[in-house]
$ cat data_17.tsv   # TSV, N, CA and C atoms
chain	number	residue	atom	x	y	z
A	313	MET	N	-19.71	33.35	-23.78
A	313	MET	CA	-19.15	33.78	-22.52
A	313	MET	C	-19.06	32.63	-21.53
A	314	PHE	N	-20.06	31.73	-21.55
A	314	PHE	CA	-20.05	30.58	-20.65
A	314	PHE	C	-18.84	29.69	-20.93
A	315	LYS	N	-18.51	29.55	-22.20
A	315	LYS	CA	-17.34	28.75	-22.58
A	315	LYS	C	-16.06	29.36	-22.01
A	316	ARG	N	-15.99	30.68	-22.00
A	316	ARG	CA	-14.81	31.35	-21.46
A	316	ARG	C	-14.71	31.14	-19.94
A	317	PHE	N	-15.87	31.10	-19.25
A	317	PHE	CA	-15.85	30.83	-17.81
A	317	PHE	C	-15.36	29.42	-17.53
A	318	ILE	N	-15.83	28.47	-18.30
A	318	ILE	CA	-15.43	27.08	-18.11
A	318	ILE	C	-13.94	26.90	-18.39
A	319	LEU	N	-13.46	27.51	-19.46
A	319	LEU	CA	-12.05	27.37	-19.83
A	319	LEU	C	-11.14	28.36	-19.11
A	320	TRP	N	-11.74	29.23	-18.30
A	320	TRP	CA	-10.99	30.20	-17.50
A	320	TRP	C	-10.09	31.05	-18.40
A	321	ASP	N	-10.73	31.70	-19.34
A	321	ASP	CA	-10.01	32.44	-20.37
A	321	ASP	C	-9.98	33.94	-20.10
A	322	PHE	N	-9.89	34.33	-18.83
A	322	PHE	CA	-9.87	35.75	-18.48
A	322	PHE	C	-8.55	36.08	-17.80
A	323	PRO	N	-8.00	37.24	-18.08
A	323	PRO	CA	-6.74	37.64	-17.41
A	323	PRO	C	-6.99	37.98	-15.95
A	324	ARG	N	-5.96	37.82	-15.15
A	324	ARG	CA	-6.06	38.16	-13.73
A	324	ARG	C	-6.39	39.63	-13.57
A	325	ALA	N	-7.11	39.94	-12.49
A	325	ALA	CA	-7.51	41.30	-12.13
A	325	ALA	C	-8.58	41.87	-13.03
A	326	SER	N	-9.13	41.07	-13.93
A	326	SER	CA	-10.28	41.54	-14.70
A	326	SER	C	-11.54	41.32	-13.86
A	327	TRP	N	-12.62	41.98	-14.19
A	327	TRP	CA	-13.82	41.84	-13.37
A	327	TRP	C	-14.40	40.43	-13.50
A	328	GLN	N	-14.25	39.80	-14.66
A	328	GLN	CA	-14.75	38.44	-14.83
A	328	GLN	C	-13.99	37.46	-13.93
A	329	TYR	N	-12.69	37.64	-13.85
A	329	TYR	CA	-11.85	36.80	-13.00
A	329	TYR	C	-12.26	36.96	-11.54
A	330	ASP	N	-12.48	38.20	-11.11
A	330	ASP	CA	-12.87	38.47	-9.74
A	330	ASP	C	-14.24	37.86	-9.42
A	331	VAL	N	-15.15	37.90	-10.37
A	331	VAL	CA	-16.47	37.30	-10.16
A	331	VAL	C	-16.35	35.79	-10.00
A	332	MET	N	-15.55	35.16	-10.83
A	332	MET	CA	-15.37	33.70	-10.72
A	332	MET	C	-14.73	33.32	-9.39
A	333	VAL	N	-13.73	34.05	-8.97
A	333	VAL	CA	-13.09	33.77	-7.69
A	333	VAL	C	-14.10	33.97	-6.56
A	334	GLY	N	-14.91	35.00	-6.65
A	334	GLY	CA	-15.95	35.23	-5.63
A	334	GLY	C	-16.96	34.10	-5.58
A	335	ILE	N	-17.35	33.59	-6.73
A	335	ILE	CA	-18.30	32.46	-6.77
A	335	ILE	C	-17.67	31.21	-6.13
A	336	ILE	N	-16.42	30.96	-6.43
A	336	ILE	CA	-15.74	29.80	-5.87
A	336	ILE	C	-15.61	29.93	-4.35
A	337	VAL	N	-15.22	31.09	-3.88
A	337	VAL	CA	-15.08	31.30	-2.43
A	337	VAL	C	-16.43	31.20	-1.75
A	338	ALA	N	-17.47	31.77	-2.35
A	338	ALA	CA	-18.82	31.66	-1.77
A	338	ALA	C	-19.26	30.21	-1.71
A	339	PHE	N	-18.98	29.44	-2.74
A	339	PHE	CA	-19.34	28.02	-2.73
A	339	PHE	C	-18.64	27.28	-1.60
A	340	ILE	N	-17.36	27.56	-1.42
A	340	ILE	CA	-16.59	26.87	-0.38
A	340	ILE	C	-17.14	27.18	1.00
A	341	PHE	N	-17.42	28.44	1.28
A	341	PHE	CA	-17.81	28.82	2.64
A	341	PHE	C	-19.30	28.76	2.91
A	342	LEU	N	-20.13	28.77	1.90
A	342	LEU	CA	-21.58	28.80	2.13
A	342	LEU	C	-22.28	27.47	1.89
A	343	THR	N	-21.58	26.49	1.35
A	343	THR	CA	-22.19	25.19	1.11
A	343	THR	C	-22.33	24.43	2.42
A	344	PRO	N	-23.52	23.94	2.75
A	344	PRO	CA	-23.70	23.17	3.99
A	344	PRO	C	-22.87	21.88	3.97
A	345	ARG	N	-22.33	21.52	5.13
A	345	ARG	CA	-21.50	20.31	5.23
A	345	ARG	C	-22.30	19.05	4.92
A	346	ALA	N	-23.58	19.07	5.22
A	346	ALA	CA	-24.41	17.88	5.03
A	346	ALA	C	-24.52	17.49	3.56
A	347	TRP	N	-24.33	18.43	2.65
A	347	TRP	CA	-24.40	18.11	1.22
A	347	TRP	C	-23.37	17.08	0.82
A	348	PHE	N	-22.23	17.08	1.49
A	348	PHE	CA	-21.15	16.18	1.12
A	348	PHE	C	-21.09	14.94	1.98
A	349	ARG	N	-21.87	14.90	3.03
A	349	ARG	CA	-21.95	13.75	3.95
A	349	ARG	C	-20.56	13.30	4.42
A	350	ASP	N	-19.73	14.26	4.75
A	350	ASP	CA	-18.39	13.91	5.20
A	350	ASP	C	-18.21	14.13	6.70
A	351	GLN	N	-19.28	13.95	7.43
A	351	GLN	CA	-19.22	14.12	8.87
A	351	GLN	C	-18.43	12.97	9.49
A	352	PRO	N	-17.52	13.28	10.40
A	352	PRO	CA	-16.79	12.19	11.05
A	352	PRO	C	-17.73	11.39	11.96
A	353	LYS	N	-17.55	10.10	11.94
A	353	LYS	CA	-18.36	9.24	12.79
A	353	LYS	C	-17.55	8.85	14.01
A	354	PRO	N	-18.11	9.07	15.19
A	354	PRO	CA	-17.35	8.71	16.38
A	354	PRO	C	-17.18	7.21	16.48
A	355	SER	N	-16.06	6.81	16.98
A	355	SER	CA	-15.78	5.39	17.15
A	355	SER	C	-16.33	4.92	18.48
A	356	ASN	N	-16.85	3.71	18.51
A	356	ASN	CA	-17.35	3.13	19.74
A	356	ASN	C	-16.24	2.53	20.58
A	357	ILE	N	-15.09	2.31	19.96
A	357	ILE	CA	-13.95	1.72	20.66
A	357	ILE	C	-12.73	2.58	20.38
A	358	ALA	N	-12.05	2.98	21.45
A	358	ALA	CA	-10.83	3.79	21.29
A	358	ALA	C	-9.69	3.10	22.02
A	359	MET	N	-8.59	2.88	21.31
A	359	MET	CA	-7.42	2.27	21.92
A	359	MET	C	-6.63	3.35	22.64
A	360	LEU	N	-6.25	3.06	23.89
A	360	LEU	CA	-5.53	4.03	24.71
A	360	LEU	C	-4.12	3.51	24.96
A	361	PRO	N	-3.17	4.42	25.13
A	361	PRO	CA	-1.80	3.97	25.43
A	361	PRO	C	-1.73	3.33	26.81
A	362	SER	N	-0.96	2.26	26.92
A	362	SER	CA	-0.78	1.60	28.21
A	362	SER	C	0.60	0.97	28.23
A	363	GLY	N	1.03	0.63	29.40
A	363	GLY	CA	2.35	0.04	29.56
A	363	GLY	C	2.27	-1.45	29.78
A	364	ASN	N	3.39	-2.05	30.13
A	364	ASN	CA	3.49	-3.47	30.46
A	364	ASN	C	3.17	-4.38	29.28
A	365	GLY	N	3.25	-3.90	28.06
A	365	GLY	CA	3.03	-4.74	26.90
A	365	GLY	C	1.57	-5.06	26.62
A	366	GLY	N	0.65	-4.56	27.43
A	366	GLY	CA	-0.77	-4.81	27.21
A	366	GLY	C	-1.41	-3.67	26.45
A	367	SER	N	-2.69	-3.76	26.28
A	367	SER	CA	-3.46	-2.72	25.61
A	367	SER	C	-4.66	-2.39	26.46
A	368	SER	N	-5.12	-1.16	26.34
A	368	SER	CA	-6.36	-0.78	27.03
A	368	SER	C	-7.25	-0.08	26.02
A	369	PHE	N	-8.53	-0.24	26.21
A	369	PHE	CA	-9.52	0.29	25.29
A	369	PHE	C	-10.62	0.98	26.06
A	370	PHE	N	-11.10	2.11	25.53
A	370	PHE	CA	-12.31	2.71	26.06
A	370	PHE	C	-13.45	2.22	25.18
A	371	ILE	N	-14.46	1.66	25.81
A	371	ILE	CA	-15.59	1.07	25.10
A	371	ILE	C	-16.84	1.89	25.40
A	372	ASP	N	-17.55	2.30	24.38
A	372	ASP	CA	-18.79	3.04	24.56
A	372	ASP	C	-19.81	2.13	25.26
A	373	SER	N	-20.57	2.71	26.16
A	373	SER	CA	-21.52	1.92	26.96
A	373	SER	C	-22.59	1.25	26.10
A	374	GLU	N	-22.90	1.82	24.93
A	374	GLU	CA	-23.92	1.25	24.06
A	374	GLU	C	-23.52	-0.12	23.51
A	375	LEU	N	-22.23	-0.37	23.37
A	375	LEU	CA	-21.78	-1.66	22.82
A	375	LEU	C	-22.09	-2.82	23.75
A	376	LEU	N	-22.14	-2.55	25.03
A	376	LEU	CA	-22.37	-3.64	25.99
A	376	LEU	C	-23.72	-3.54	26.68
A	377	SER	N	-24.60	-2.70	26.17
A	377	SER	CA	-25.92	-2.60	26.80
A	377	SER	C	-26.68	-3.91	26.60
A	378	GLY	N	-27.21	-4.40	27.65
A	378	GLY	CA	-27.96	-5.65	27.61
A	378	GLY	C	-27.12	-6.91	27.70
A	379	VAL	N	-25.80	-6.77	27.77
A	379	VAL	CA	-24.91	-7.92	27.88
A	379	VAL	C	-24.67	-8.19	29.37
A	380	PRO	N	-24.95	-9.40	29.84
A	380	PRO	CA	-24.72	-9.70	31.26
A	380	PRO	C	-23.25	-9.53	31.64
A	381	ARG	N	-23.01	-9.18	32.89
A	381	ARG	CA	-21.65	-8.90	33.38
A	381	ARG	C	-20.70	-10.07	33.11
A	382	GLU	N	-21.14	-11.29	33.31
A	382	GLU	CA	-20.26	-12.45	33.12
A	382	GLU	C	-19.95	-12.73	31.64
A	383	ARG	N	-20.70	-12.14	30.73
A	383	ARG	CA	-20.48	-12.35	29.29
A	383	ARG	C	-19.73	-11.19	28.64
A	384	GLN	N	-19.48	-10.09	29.37
A	384	GLN	CA	-18.87	-8.89	28.78
A	384	GLN	C	-17.47	-9.16	28.23
A	385	ILE	N	-16.66	-9.90	28.95
A	385	ILE	CA	-15.29	-10.15	28.50
A	385	ILE	C	-15.28	-10.91	27.18
A	386	SER	N	-16.08	-11.95	27.08
A	386	SER	CA	-16.09	-12.72	25.83
A	386	SER	C	-16.68	-11.90	24.67
A	387	ARG	N	-17.69	-11.09	24.96
A	387	ARG	CA	-18.28	-10.25	23.90
A	387	ARG	C	-17.27	-9.22	23.40
A	388	LEU	N	-16.54	-8.57	24.31
A	388	LEU	CA	-15.54	-7.59	23.89
A	388	LEU	C	-14.39	-8.25	23.14
A	389	THR	N	-13.99	-9.42	23.57
A	389	THR	CA	-12.92	-10.14	22.86
A	389	THR	C	-13.34	-10.40	21.42
A	390	GLU	N	-14.58	-10.84	21.23
A	390	GLU	CA	-15.09	-11.09	19.88
A	390	GLU	C	-15.10	-9.80	19.05
A	391	LEU	N	-15.60	-8.70	19.63
A	391	LEU	CA	-15.67	-7.43	18.91
A	391	LEU	C	-14.29	-6.94	18.50
A	392	LEU	N	-13.34	-6.98	19.42
A	392	LEU	CA	-12.00	-6.47	19.12
A	392	LEU	C	-11.26	-7.37	18.13
A	393	GLN	N	-11.46	-8.66	18.22
A	393	GLN	CA	-10.83	-9.55	17.25
A	393	GLN	C	-11.40	-9.32	15.85
A	394	ARG	N	-12.69	-9.09	15.78
A	394	ARG	CA	-13.32	-8.84	14.48
A	394	ARG	C	-12.86	-7.51	13.89
A	395	ARG	N	-12.77	-6.47	14.71
A	395	ARG	CA	-12.37	-5.15	14.21
A	395	ARG	C	-10.90	-5.09	13.84
A	396	SER	N	-10.06	-5.75	14.61
A	396	SER	CA	-8.63	-5.68	14.34
A	396	SER	C	-8.19	-6.72	13.32
A	397	GLY	N	-8.98	-7.76	13.13
A	397	GLY	CA	-8.60	-8.82	12.21
A	397	GLY	C	-7.55	-9.75	12.78
A	398	SER	N	-7.28	-9.61	14.07
A	398	SER	CA	-6.28	-10.43	14.73
A	398	SER	C	-6.93	-11.23	15.85
A	399	HIS	N	-6.53	-12.47	15.96
A	399	HIS	CA	-7.06	-13.30	17.03
A	399	HIS	C	-6.17	-13.27	18.27
A	400	ARG	N	-5.24	-12.33	18.30
A	400	ARG	CA	-4.34	-12.21	19.43
A	400	ARG	C	-4.91	-11.39	20.57
A	401	VAL	N	-5.96	-10.66	20.34
A	401	VAL	CA	-6.53	-9.79	21.37
A	401	VAL	C	-7.33	-10.63	22.36
A	402	ASN	N	-6.92	-10.58	23.62
A	402	ASN	CA	-7.62	-11.30	24.68
A	402	ASN	C	-7.91	-10.33	25.82
A	403	ILE	N	-9.17	-10.04	26.04
A	403	ILE	CA	-9.57	-9.15	27.13
A	403	ILE	C	-9.47	-9.92	28.44
A	404	VAL	N	-8.80	-9.31	29.41
A	404	VAL	CA	-8.64	-9.97	30.70
A	404	VAL	C	-9.47	-9.32	31.80
A	405	ARG	N	-9.85	-8.03	31.59
A	405	ARG	CA	-10.61	-7.34	32.63
A	405	ARG	C	-11.42	-6.21	32.02
A	406	VAL	N	-12.62	-6.01	32.53
A	406	VAL	CA	-13.50	-4.91	32.09
A	406	VAL	C	-13.96	-4.17	33.33
A	407	GLU	N	-13.78	-2.85	33.32
A	407	GLU	CA	-14.20	-2.02	34.45
A	407	GLU	C	-15.16	-0.94	33.97
A	408	PRO	N	-16.27	-0.74	34.65
A	408	PRO	CA	-17.19	0.34	34.26
A	408	PRO	C	-16.60	1.71	34.62
A	409	ILE	N	-16.87	2.70	33.78
A	409	ILE	CA	-16.45	4.08	34.03
A	409	ILE	C	-17.72	4.88	34.33
A	410	LEU	N	-17.77	5.48	35.52
A	410	LEU	CA	-18.94	6.25	35.94
A	410	LEU	C	-18.59	7.73	36.00
A	411	ASN	N	-19.57	8.58	35.69
A	411	ASN	CA	-19.34	10.02	35.81
A	411	ASN	C	-19.61	10.45	37.25
A	412	ALA	N	-19.57	11.77	37.51
A	412	ALA	CA	-19.72	12.30	38.87
A	412	ALA	C	-21.10	11.98	39.47
A	413	GLU	N	-22.11	11.82	38.64
A	413	GLU	CA	-23.46	11.50	39.12
A	413	GLU	C	-23.68	10.00	39.28
A	414	GLY	N	-22.68	9.20	38.96
A	414	GLY	CA	-22.81	7.76	39.08
A	414	GLY	C	-23.42	7.09	37.87
A	415	GLU	N	-23.56	7.83	36.76
A	415	GLU	CA	-24.12	7.25	35.53
A	415	GLU	C	-23.00	6.60	34.72
A	416	LEU	N	-23.33	5.53	34.04
A	416	LEU	CA	-22.36	4.79	33.25
A	416	LEU	C	-21.98	5.58	31.99
A	417	GLU	N	-20.68	5.86	31.83
A	417	GLU	CA	-20.16	6.56	30.65
A	417	GLU	C	-19.62	5.57	29.62
A	418	GLY	N	-19.05	4.50	30.08
A	418	GLY	CA	-18.44	3.52	29.20
A	418	GLY	C	-17.69	2.50	30.03
A	419	TYR	N	-16.80	1.77	29.36
A	419	TYR	CA	-16.02	0.72	30.03
A	419	TYR	C	-14.56	0.86	29.64
A	420	MET	N	-13.70	0.48	30.55
A	420	MET	CA	-12.29	0.32	30.25
A	420	MET	C	-12.03	-1.17	30.14
A	421	ALA	N	-11.48	-1.59	29.03
A	421	ALA	CA	-11.16	-2.98	28.82
A	421	ALA	C	-9.65	-3.11	28.73
A	422	PHE	N	-9.10	-4.08	29.44
A	422	PHE	CA	-7.67	-4.30	29.46
A	422	PHE	C	-7.38	-5.64	28.78
A	423	ALA	N	-6.43	-5.61	27.85
A	423	ALA	CA	-6.13	-6.81	27.07
A	423	ALA	C	-4.65	-7.14	27.18
A	424	ARG	N	-4.37	-8.39	26.96
A	424	ARG	CA	-2.98	-8.83	26.87
A	424	ARG	C	-2.76	-9.38	25.47
A	425	PRO	N	-1.54	-9.30	25.01
A	425	PRO	CA	-1.26	-9.76	23.63
A	425	PRO	C	-1.37	-11.27	23.50

$ encode --input "data_17.tsv" --output "structure tokens"
Amino acid sequence: MFKRFILWDFPRASWQYDVMVGIIVAFIFLTPRAWFRDQPKPSNIAMLPSGNGGSSFFIDSELLSGVPRERQISRLTELLQRRSGSHRVNIVRVEPILNAEGELEGYMAFARP
């Protein structure tokens, strides 16, 4: 009987067929997502649409934690060049983004080609 289950040798609408379909549906809906480790990982850098031929990026605040203000532009330029594989990315300005309570949420980085 196990061989018949593996080879799917049952006609449609038979009780064996219904049991197999039920097992498959139960597996799909009851299996925890963590078993497959397919959780999306948030990106620390998000490219945003901008005009004037430049680019803008939202940078997670954790990427620049501990980096002095005067070194942020060069650090972001290095990160973006490494991630994109292009040495054309040049950051020209970095602005902090604060929430309503004044806490740092991230940075906006503006680049020119």

$ axis_aligned_box --input "data_17.tsv" --around "range 355-370 of chain A" --padding-each-side "4 Å" --output "lines of an AutoDock Vina configuration file"
center_x = -6.9
center_y = 0.9
center_z = 23.7
size_x = 28.8
size_y = 19.9
size_z = 21.5

$ atom_distance --input "data_17.tsv" --atom1 "atom N of Tyr419 in chain A" --atom2 "atom N of Ile385 in chain A"
11.7 Å

$ atom_distance --input "data_17.tsv" --atom1 "CA of Val401 in chain A" --atom2 "atom C of Arg424 in chain A"
5.6 Å

$ closest_residue --input "data_17.tsv" --among "A:Asn411, A:Val379, A:Arg394, A:Ser368" --to "Ala423 in chain A" --atoms "all atoms listed in the file"
A:Ser368

$ select_by_dssp --input "data_17.tsv" --residues "chain A" --states "strand (DSSP E)" --output "NGL selection string"
:A and (357-360 or 367-372 or 402-410 or 416-424)

$ select_by_dssp --input "data_17.tsv" --residues "chain A" --states "alpha helix (DSSP H)" --output "MDAnalysis selection string"
chainID A and resid 314:319 327:342 384:396

$ atom_distance --input "data_17.tsv" --atom1 "CA of Phe422 in chain A" --atom2 "CA of Ser355 in chain A"
17.6 Å

$ closest_residue --input "data_17.tsv" --among "A:Ile318, A:Ile335, A:Gly397, A:Ala421" --to "Ser362 in chain A" --atoms "only C-alpha atoms"
A:Ala421

$ closest_residue --input "data_17.tsv" --among "A:Leu319, A:Val406, A:His399, A:Asp330" --to "Ile371 in chain A" --atoms "only C-alpha atoms"
A:Val406
